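Listing of model-v4.pdb, PDB, C-alpha atoms
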```
ATOM      1  CA  MET A  12      18.725 -16.482 -37.359
ATOM      2  CA  THR A  13      19.942 -19.236 -35.059
ATOM      3  CA  SER A  14      22.041 -17.103 -32.738
ATOM      4  CA  GLU A  15      19.114 -14.651 -32.496
ATOM      5  CA  MET A  16      17.297 -17.301 -30.454
ATOM      6  CA  ALA A  17      20.288 -17.565 -28.120
ATOM      7  CA  GLU A  18      20.420 -13.766 -27.827
ATOM      8  CA  LEU A  19      16.728 -13.750 -26.944
ATOM      9  CA  VAL A  20      17.230 -16.368 -24.230
ATOM     10  CA  LEU A  21      20.212 -14.416 -22.828
ATOM     11  CA  ALA A  22      18.327 -11.096 -22.849
ATOM     12  CA  GLU A  23      15.398 -12.696 -21.018
ATOM     13  CA  THR A  24      17.788 -14.292 -18.522
ATOM     14  CA  ASP A  25      19.529 -10.967 -17.884
ATOM     15  CA  GLU A  26      16.177  -9.351 -17.175
ATOM     16  CA  LYS A  27      15.109 -12.106 -14.762
ATOM     17  CA  MET A  28      18.474 -12.045 -12.981
ATOM     18  CA  ALA A  29      18.221  -8.265 -12.602
ATOM     19  CA  LYS A  30      14.815  -8.754 -10.970
ATOM     20  CA  ALA A  31      16.307 -11.316  -8.567
ATOM     21  CA  VAL A  32      19.014  -8.788  -7.592
ATOM     22  CA  THR A  33      16.381  -6.063  -7.095
ATOM     23  CA  HIS A  34      14.382  -8.437  -4.897
ATOM     24  CA  ALA A  35      17.458  -9.265  -2.792
ATOM     25  CA  LYS A  36      18.212  -5.553  -2.341
ATOM     26  CA  ALA A  37      14.602  -4.923  -1.284
ATOM     27  CA  ASP A  38      14.940  -7.718   1.275
ATOM     28  CA  PHE A  39      18.106  -6.066   2.612
ATOM     29  CA  ALA A  40      16.232  -2.756   3.001
ATOM     30  CA  SER A  41      13.694  -4.450   5.273
ATOM     31  CA  ILE A  42      16.410  -5.250   7.839
ATOM     32  CA  ARG A  43      16.550  -2.737  10.668
ATOM     33  CA  THR A  44      19.766  -0.818  11.231
ATOM     34  CA  GLY A  45      18.747   1.234  14.245
ATOM     35  CA  ARG A  46      17.613   4.031  11.941
ATOM     36  CA  ALA A  47      13.975   4.604  11.104
ATOM     37  CA  ALA A  48      13.030   3.739   7.526
ATOM     38  CA  PRO A  49       9.577   3.218   5.989
ATOM     39  CA  ALA A  50      10.872   0.076   4.207
ATOM     40  CA  LEU A  51      10.926  -1.659   7.599
ATOM     41  CA  VAL A  52       7.155  -1.518   8.024
ATOM     42  CA  GLU A  53       5.527  -0.789   4.665
ATOM     43  CA  LYS A  54       5.019  -4.482   3.778
ATOM     44  CA  ILE A  55       3.501  -5.441   7.161
ATOM     45  CA  PRO A  56       0.029  -6.932   6.514
ATOM     46  CA  VAL A  57      -2.821  -5.158   8.286
ATOM     47  CA  ASP A  58      -6.270  -6.717   8.734
ATOM     48  CA  TYR A  59      -8.252  -3.873   7.142
ATOM     49  CA  TYR A  60     -11.977  -4.673   7.068
ATOM     50  CA  GLY A  61     -11.263  -8.404   6.776
ATOM     51  CA  ALA A  62      -8.631  -8.105   4.008
ATOM     52  CA  GLU A  63      -4.855  -8.432   4.478
ATOM     53  CA  THR A  64      -3.577  -5.073   3.175
ATOM     54  CA  PRO A  65       0.066  -3.886   3.136
ATOM     55  CA  LEU A  66       0.598  -0.966   5.506
ATOM     56  CA  GLN A  67       1.953   1.205   2.675
ATOM     57  CA  GLN A  68      -1.552   1.246   1.125
ATOM     58  CA  LEU A  69      -3.156   2.427   4.359
ATOM     59  CA  ALA A  70      -0.811   5.124   5.664
ATOM     60  CA  GLY A  71       1.825   7.728   4.901
ATOM     61  CA  PHE A  72       5.282   7.658   6.472
ATOM     62  CA  GLN A  73       7.568  10.378   7.819
ATOM     63  CA  VAL A  74      10.947  10.238   9.559
ATOM     64  CA  PRO A  75      11.007  13.285  11.889
ATOM     65  CA  GLU A  76      14.188  12.077  13.647
ATOM     66  CA  ALA A  77      16.815   9.444  12.825
ATOM     67  CA  ARG A  78      15.339   6.873  15.221
ATOM     68  CA  GLN A  79      11.671   7.751  14.863
ATOM     69  CA  LEU A  80       9.037   6.814  12.284
ATOM     70  CA  LEU A  81       5.682   8.564  12.092
ATOM     71  CA  ILE A  82       2.854   6.574  10.470
ATOM     72  CA  THR A  83      -0.238   8.590   9.535
ATOM     73  CA  PRO A  84      -3.226   6.483   8.424
ATOM     74  CA  TYR A  85      -5.276   7.802   5.493
ATOM     75  CA  ASP A  86      -8.374   6.420   7.238
ATOM     76  CA  LYS A  87      -8.432   7.166  10.992
ATOM     77  CA  SER A  88     -10.650   4.111  11.619
ATOM     78  CA  ALA A  89      -7.710   1.886  10.588
ATOM     79  CA  MET A  90      -5.575   3.184  13.471
ATOM     80  CA  GLY A  91      -6.337   0.261  15.809
ATOM     81  CA  ALA A  92      -5.735  -2.374  13.123
ATOM     82  CA  ILE A  93      -2.421  -0.766  12.137
ATOM     83  CA  GLU A  94      -1.291  -0.550  15.756
ATOM     84  CA  LYS A  95      -2.215  -4.214  16.329
ATOM     85  CA  ALA A  96      -0.314  -5.317  13.172
ATOM     86  CA  LEU A  97       2.781  -3.389  14.299
ATOM     87  CA  GLN A  98       2.680  -5.000  17.747
ATOM     88  CA  GLN A  99       2.353  -8.488  16.222
ATOM     89  CA  SER A 100       5.189  -7.930  13.733
ATOM     90  CA  ASP A 101       8.675  -9.289  14.490
ATOM     91  CA  LEU A 102      10.138  -5.785  14.814
ATOM     92  CA  GLY A 103       9.904  -5.830  18.600
ATOM     93  CA  LEU A 104       8.760  -2.207  18.712
ATOM     94  CA  ASN A 105       6.044  -0.649  20.840
ATOM     95  CA  PRO A 106       3.888   1.780  18.834
ATOM     96  CA  SER A 107       2.478   4.871  20.569
ATOM     97  CA  ASN A 108      -0.789   6.305  19.300
ATOM     98  CA  ASP A 109      -1.684   9.995  19.685
ATOM     99  CA  GLY A 110      -5.063   9.879  17.946
ATOM    100  CA  HIS A 111      -3.880  11.073  14.506
ATOM    101  CA  SER A 112      -0.733   9.062  13.953
ATOM    102  CA  ILE A 113       1.372   6.232  15.298
ATOM    103  CA  ARG A 114       4.920   6.872  16.428
ATOM    104  CA  LEU A 115       7.579   4.155  16.434
ATOM    105  CA  THR A 116      10.835   4.776  18.289
ATOM    106  CA  PHE A 117      13.769   2.562  17.302
ATOM    107  CA  PRO A 118      16.169   1.762  20.151
ATOM    108  CA  PRO A 119      19.887   1.497  19.361
ATOM    109  CA  LEU A 120      20.916  -2.035  18.385
ATOM    110  CA  THR A 121      23.100  -4.121  20.671
ATOM    111  CA  GLN A 122      26.271  -5.637  19.226
ATOM    112  CA  GLU A 123      24.812  -9.129  19.609
ATOM    113  CA  ARG A 124      21.648  -8.156  17.687
ATOM    114  CA  ARG A 125      23.770  -6.554  14.948
ATOM    115  CA  LYS A 126      25.656  -9.833  14.460
ATOM    116  CA  GLU A 127      22.358 -11.754  14.284
ATOM    117  CA  LEU A 128      21.085  -9.335  11.646
ATOM    118  CA  VAL A 129      24.279  -9.790   9.611
ATOM    119  CA  LYS A 130      23.576 -13.546   9.579
ATOM    120  CA  VAL A 131      20.022 -12.878   8.391
ATOM    121  CA  VAL A 132      21.286 -10.601   5.609
ATOM    122  CA  LYS A 133      23.875 -13.191   4.532
ATOM    123  CA  HIS A 134      21.100 -15.776   4.323
ATOM    124  CA  MET A 135      19.034 -13.388   2.163
ATOM    125  CA  ALA A 136      22.052 -12.868  -0.107
ATOM    126  CA  GLU A 137      22.453 -16.629  -0.489
ATOM    127  CA  GLU A 138      18.773 -16.922  -1.406
ATOM    128  CA  GLY A 139      19.380 -14.279  -4.089
ATOM    129  CA  ARG A 140      22.373 -16.227  -5.424
ATOM    130  CA  VAL A 141      20.298 -19.430  -5.491
ATOM    131  CA  ALA A 142      17.619 -17.615  -7.522
ATOM    132  CA  LEU A 143      20.336 -16.542  -9.981
ATOM    133  CA  ARG A 144      21.669 -20.103 -10.264
ATOM    134  CA  ASN A 145      18.188 -21.474 -10.832
ATOM    135  CA  GLN A 146      17.690 -18.939 -13.610
ATOM    136  CA  ARG A 147      21.023 -19.916 -15.166
ATOM    137  CA  ARG A 148      20.055 -23.598 -15.025
ATOM    138  CA  ALA A 149      16.674 -22.944 -16.692
ATOM    139  CA  SER A 150      18.334 -20.868 -19.424
ATOM    140  CA  ARG A 151      20.976 -23.528 -19.986
ATOM    141  CA  HIS A 152      18.239 -26.136 -20.481
ATOM    142  CA  GLU A 153      16.509 -23.803 -22.930
ATOM    143  CA  LEU A 154      19.727 -23.313 -24.901
ATOM    144  CA  GLU A 155      20.453 -27.055 -24.932
ATOM    145  CA  LYS A 156      16.936 -27.686 -26.233
ATOM    146  CA  LEU A 157      17.554 -25.182 -29.052
ATOM    147  CA  GLU A 158      20.728 -27.053 -29.940
ATOM    148  CA  LYS A 159      18.938 -30.408 -29.805
ATOM    149  CA  ASP A 160      16.197 -29.061 -32.100
ATOM    150  CA  GLY A 161      18.890 -27.955 -34.558
ATOM    151  CA  GLU A 162      18.300 -24.221 -34.076
ATOM    152  CA  LEU A 163      21.771 -23.685 -32.542
ATOM    153  CA  SER A 164      25.131 -25.117 -33.533
ATOM    154  CA  ARG A 165      27.458 -26.583 -30.891
ATOM    155  CA  ASP A 166      29.755 -23.518 -31.167
ATOM    156  CA  GLU A 167      26.853 -21.123 -30.730
ATOM    157  CA  LEU A 168      25.702 -23.088 -27.690
ATOM    158  CA  GLU A 169      29.164 -22.862 -26.100
ATOM    159  CA  ARG A 170      29.342 -19.127 -26.833
ATOM    160  CA  ALA A 171      25.890 -18.594 -25.311
ATOM    161  CA  GLU A 172      26.841 -20.605 -22.208
ATOM    162  CA  LYS A 173      29.944 -18.441 -21.730
ATOM    163  CA  GLU A 174      27.731 -15.340 -21.977
ATOM    164  CA  LEU A 175      25.399 -16.912 -19.429
ATOM    165  CA  ASP A 176      28.318 -17.429 -17.036
ATOM    166  CA  LYS A 177      29.354 -13.782 -17.492
ATOM    167  CA  LEU A 178      25.794 -12.674 -16.719
ATOM    168  CA  ILE A 179      25.599 -14.629 -13.482
ATOM    169  CA  HIS A 180      28.996 -13.316 -12.340
ATOM    170  CA  VAL A 181      27.882  -9.720 -12.934
ATOM    171  CA  HIS A 182      24.634 -10.199 -11.016
ATOM    172  CA  GLU A 183      26.276 -12.155  -8.167
ATOM    173  CA  ALA A 184      28.781  -9.305  -7.821
ATOM    174  CA  GLU A 185      25.848  -6.867  -7.469
ATOM    175  CA  ILE A 186      24.363  -8.963  -4.657
ATOM    176  CA  ASP A 187      27.775  -9.261  -2.961
ATOM    177  CA  GLN A 188      28.275  -5.492  -3.208
ATOM    178  CA  ALA A 189      24.830  -4.798  -1.691
ATOM    179  CA  LEU A 190      25.550  -7.370   1.032
ATOM    180  CA  ALA A 191      28.874  -5.727   1.924
ATOM    181  CA  ALA A 192      27.198  -2.295   2.116
ATOM    182  CA  LYS A 193      24.417  -3.633   4.340
ATOM    183  CA  GLU A 194      26.901  -5.456   6.591
ATOM    184  CA  THR A 195      28.896  -2.256   7.048
ATOM    185  CA  GLU A 196      25.701  -0.339   7.784
ATOM    186  CA  LEU A 197      24.606  -2.914  10.380
ATOM    187  CA  LEU A 198      27.930  -3.108  12.188
ATOM    188  CA  GLU A 199      28.631   0.616  12.453
ATOM    189  CA  ASP A 200      27.722   2.222  15.766
TER
END
```
As structure tokens, please, write out the structure in this file.
Amino acid sequence: MTSEMAELVLAETDEKMAKAVTHAKADFASIRTGRAAPALVEKIPVDYYGAETPLQQLAGFQVPEARQLLITPYDKSAMGAIEKALQQSDLGLNPSNDGHSIRLTFPPLTQERRKELVKVVKHMAEEGRVALRNQRRASRHELEKLEKDGELSRDELERAEKELDKLIHVHEAEIDQALAAKETELLED
């Protein structure tokens, strides 16, 4: 019965850490690599009839060429608002509007810009690791409380803490692996 509580805490922690890794990977996907990808723009907020709405809810995306993204609004009246949101975003791209859809052309990245983006991605990875550490700390406090309340023995607490350390190492390795892949992707010509 007592170690079941520890198992429950560890299972919950594993789930939350997995979500933190997924979030970090999603952040990585939003970084531009010189190739067109809907992930770069789908979260951009658009002022749609007075409400901030993510672009992905207002338009469909296509990638006709490697460096081109075609955004087709579901509602043609949103075209101006979408175009304005794209111009105000930090992508530094100039949208062209043909009446039905908006075309974004991604210029090749300079070496200097690639290095800046690598720094941004490394910062995102560190934020992911911090989220993992915070989760580990919260779980450790939970386990220590169980021990204090007499629901866990000292040995069970130590075993659970070792499992917790294994969990964080596994999830940190996932973030590091995703970071390495993104770095390679950013630095290749």
**Prompt:** Could you write out as a VMD selection string the residues that the PyMOL selection byres ((chain A and resi 100) around 12) matches in the shown file?
**Reply:** chain A and resid 51 to 57 66 93 to 99 101 to 106
**Asked** If you apply the PyMOL selection byres ((chain A and resi 146-152) around 10) to this file, what residues do you get, as a PyMOL selection string?
**Response** chain A and resi 17+20-21+23-25+27-28+31+140-145+153-158+168+171-172+175-176+178-179
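When all atoms listed in the file are used to measure the gap to Glu123 (chain A), the shortest distance among A:Ala22, A:Leu197, A:Arg165, A:Ala62 belongs to A:Leu197.
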**Request:** Enter the distance from CA of Lys133 (chain A) to CA of Phe39 (chain A), in Å, rounded to one decimal.
**Result:** 9.4 Å
**Message:** Once the PyMOL selection byres ((chain A and resi 118-121) around 12) has been evaluated on this model, what residues remain selected, and can you format them as a list in words?
**Reply:**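 So the PyMOL selection byres ((chain A and resi 118-121) around 12), applied here, picks out Ile42, Arg43, Thr44, Gly45, Arg46, Ala47, Ala77, Arg78, Gln79, Leu80, Leu102, Gly103, Leu104, Asn105, Leu115, Thr116, Phe117, Gln122, Glu123, Arg124, Arg125, Lys126, Glu127, Leu128, Glu196, Leu197, Leu198, Glu199 and Asp200 of chain A.
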Those residues you just picked out, can you put them in a file as a short mmCIF file (atom, residue, chain, number, x, y, z; two decimals), in the coordinates of the input with C-alpha atoms?
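Listed below is the output, selection-v5.cif:
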```cif
data_model
loop_
_atom_site.label_atom_id
_atom_site.label_comp_id
_atom_site.auth_asym_id
_atom_site.auth_seq_id
_atom_site.Cartn_x
_atom_site.Cartn_y
_atom_site.Cartn_z
CA ILE A 42 16.41 -5.25 7.84
CA ARG A 43 16.55 -2.74 10.67
CA THR A 44 19.77 -0.82 11.23
CA GLY A 45 18.75 1.23 14.24
CA ARG A 46 17.61 4.03 11.94
CA ALA A 47 13.98 4.60 11.10
CA ALA A 77 16.82 9.44 12.82
CA ARG A 78 15.34 6.87 15.22
CA GLN A 79 11.67 7.75 14.86
CA LEU A 80 9.04 6.81 12.28
CA LEU A 102 10.14 -5.78 14.81
CA GLY A 103 9.90 -5.83 18.60
CA LEU A 104 8.76 -2.21 18.71
CA ASN A 105 6.04 -0.65 20.84
CA LEU A 115 7.58 4.16 16.43
CA THR A 116 10.84 4.78 18.29
CA PHE A 117 13.77 2.56 17.30
CA GLN A 122 26.27 -5.64 19.23
CA GLU A 123 24.81 -9.13 19.61
CA ARG A 124 21.65 -8.16 17.69
CA ARG A 125 23.77 -6.55 14.95
CA LYS A 126 25.66 -9.83 14.46
CA GLU A 127 22.36 -11.75 14.28
CA LEU A 128 21.08 -9.34 11.65
CA GLU A 196 25.70 -0.34 7.78
CA LEU A 197 24.61 -2.91 10.38
CA LEU A 198 27.93 -3.11 12.19
CA GLU A 199 28.63 0.62 12.45
CA ASP A 200 27.72 2.22 15.77
#
```
**Item:** Two-atom distance - CA of Ala89 (chain A), CA of Ser41 (chain A) (Å)
**Value:** 22.9 Å
**Request:** Check the smallest atom-to-atom distance from each of A:Ser164, A:Ser107, A:Thr64, A:Ser112 to Tyr85 (chain A) using all atoms listed in the file, then report the winner.
**Result:** A:Ser112
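Taking CA of Ala191 (chain A) and CA of Lys130 (chain A) as endpoints, the distance between them is 12.2 Å.
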Need the shell around Ser88 (chain A): protein/DNA/RNA residues with any atom at most 12 Å away, counting all atoms listed in the file. Skip same-chain ones fewer than 2 positions apart. Format as an mmCIF file with C-alpha atoms, keeping the file's coordinate frame?
```
data_model
loop_
_atom_site.group_PDB
_atom_site.id
_atom_site.type_symbol
_atom_site.label_atom_id
_atom_site.label_comp_id
_atom_site.auth_asym_id
_atom_site.auth_seq_id
_atom_site.Cartn_x
_atom_site.Cartn_y
_atom_site.Cartn_z
ATOM 1 C CA TYR A 59 -8.252 -3.873 7.142
ATOM 2 C CA TYR A 60 -11.977 -4.673 7.068
ATOM 3 C CA LEU A 69 -3.156 2.427 4.359
ATOM 4 C CA ALA A 70 -0.811 5.124 5.664
ATOM 5 C CA THR A 83 -0.238 8.590 9.535
ATOM 6 C CA PRO A 84 -3.226 6.483 8.424
ATOM 7 C CA TYR A 85 -5.276 7.802 5.493
ATOM 8 C CA ASP A 86 -8.374 6.420 7.238
ATOM 9 C CA MET A 90 -5.575 3.184 13.471
ATOM 10 C CA GLY A 91 -6.337 0.261 15.809
ATOM 11 C CA ALA A 92 -5.735 -2.374 13.123
ATOM 12 C CA ILE A 93 -2.421 -0.766 12.137
ATOM 13 C CA GLU A 94 -1.291 -0.550 15.756
ATOM 14 C CA GLY A 110 -5.063 9.879 17.946
ATOM 15 C CA HIS A 111 -3.880 11.073 14.506
ATOM 16 C CA SER A 112 -0.733 9.062 13.953
#
```
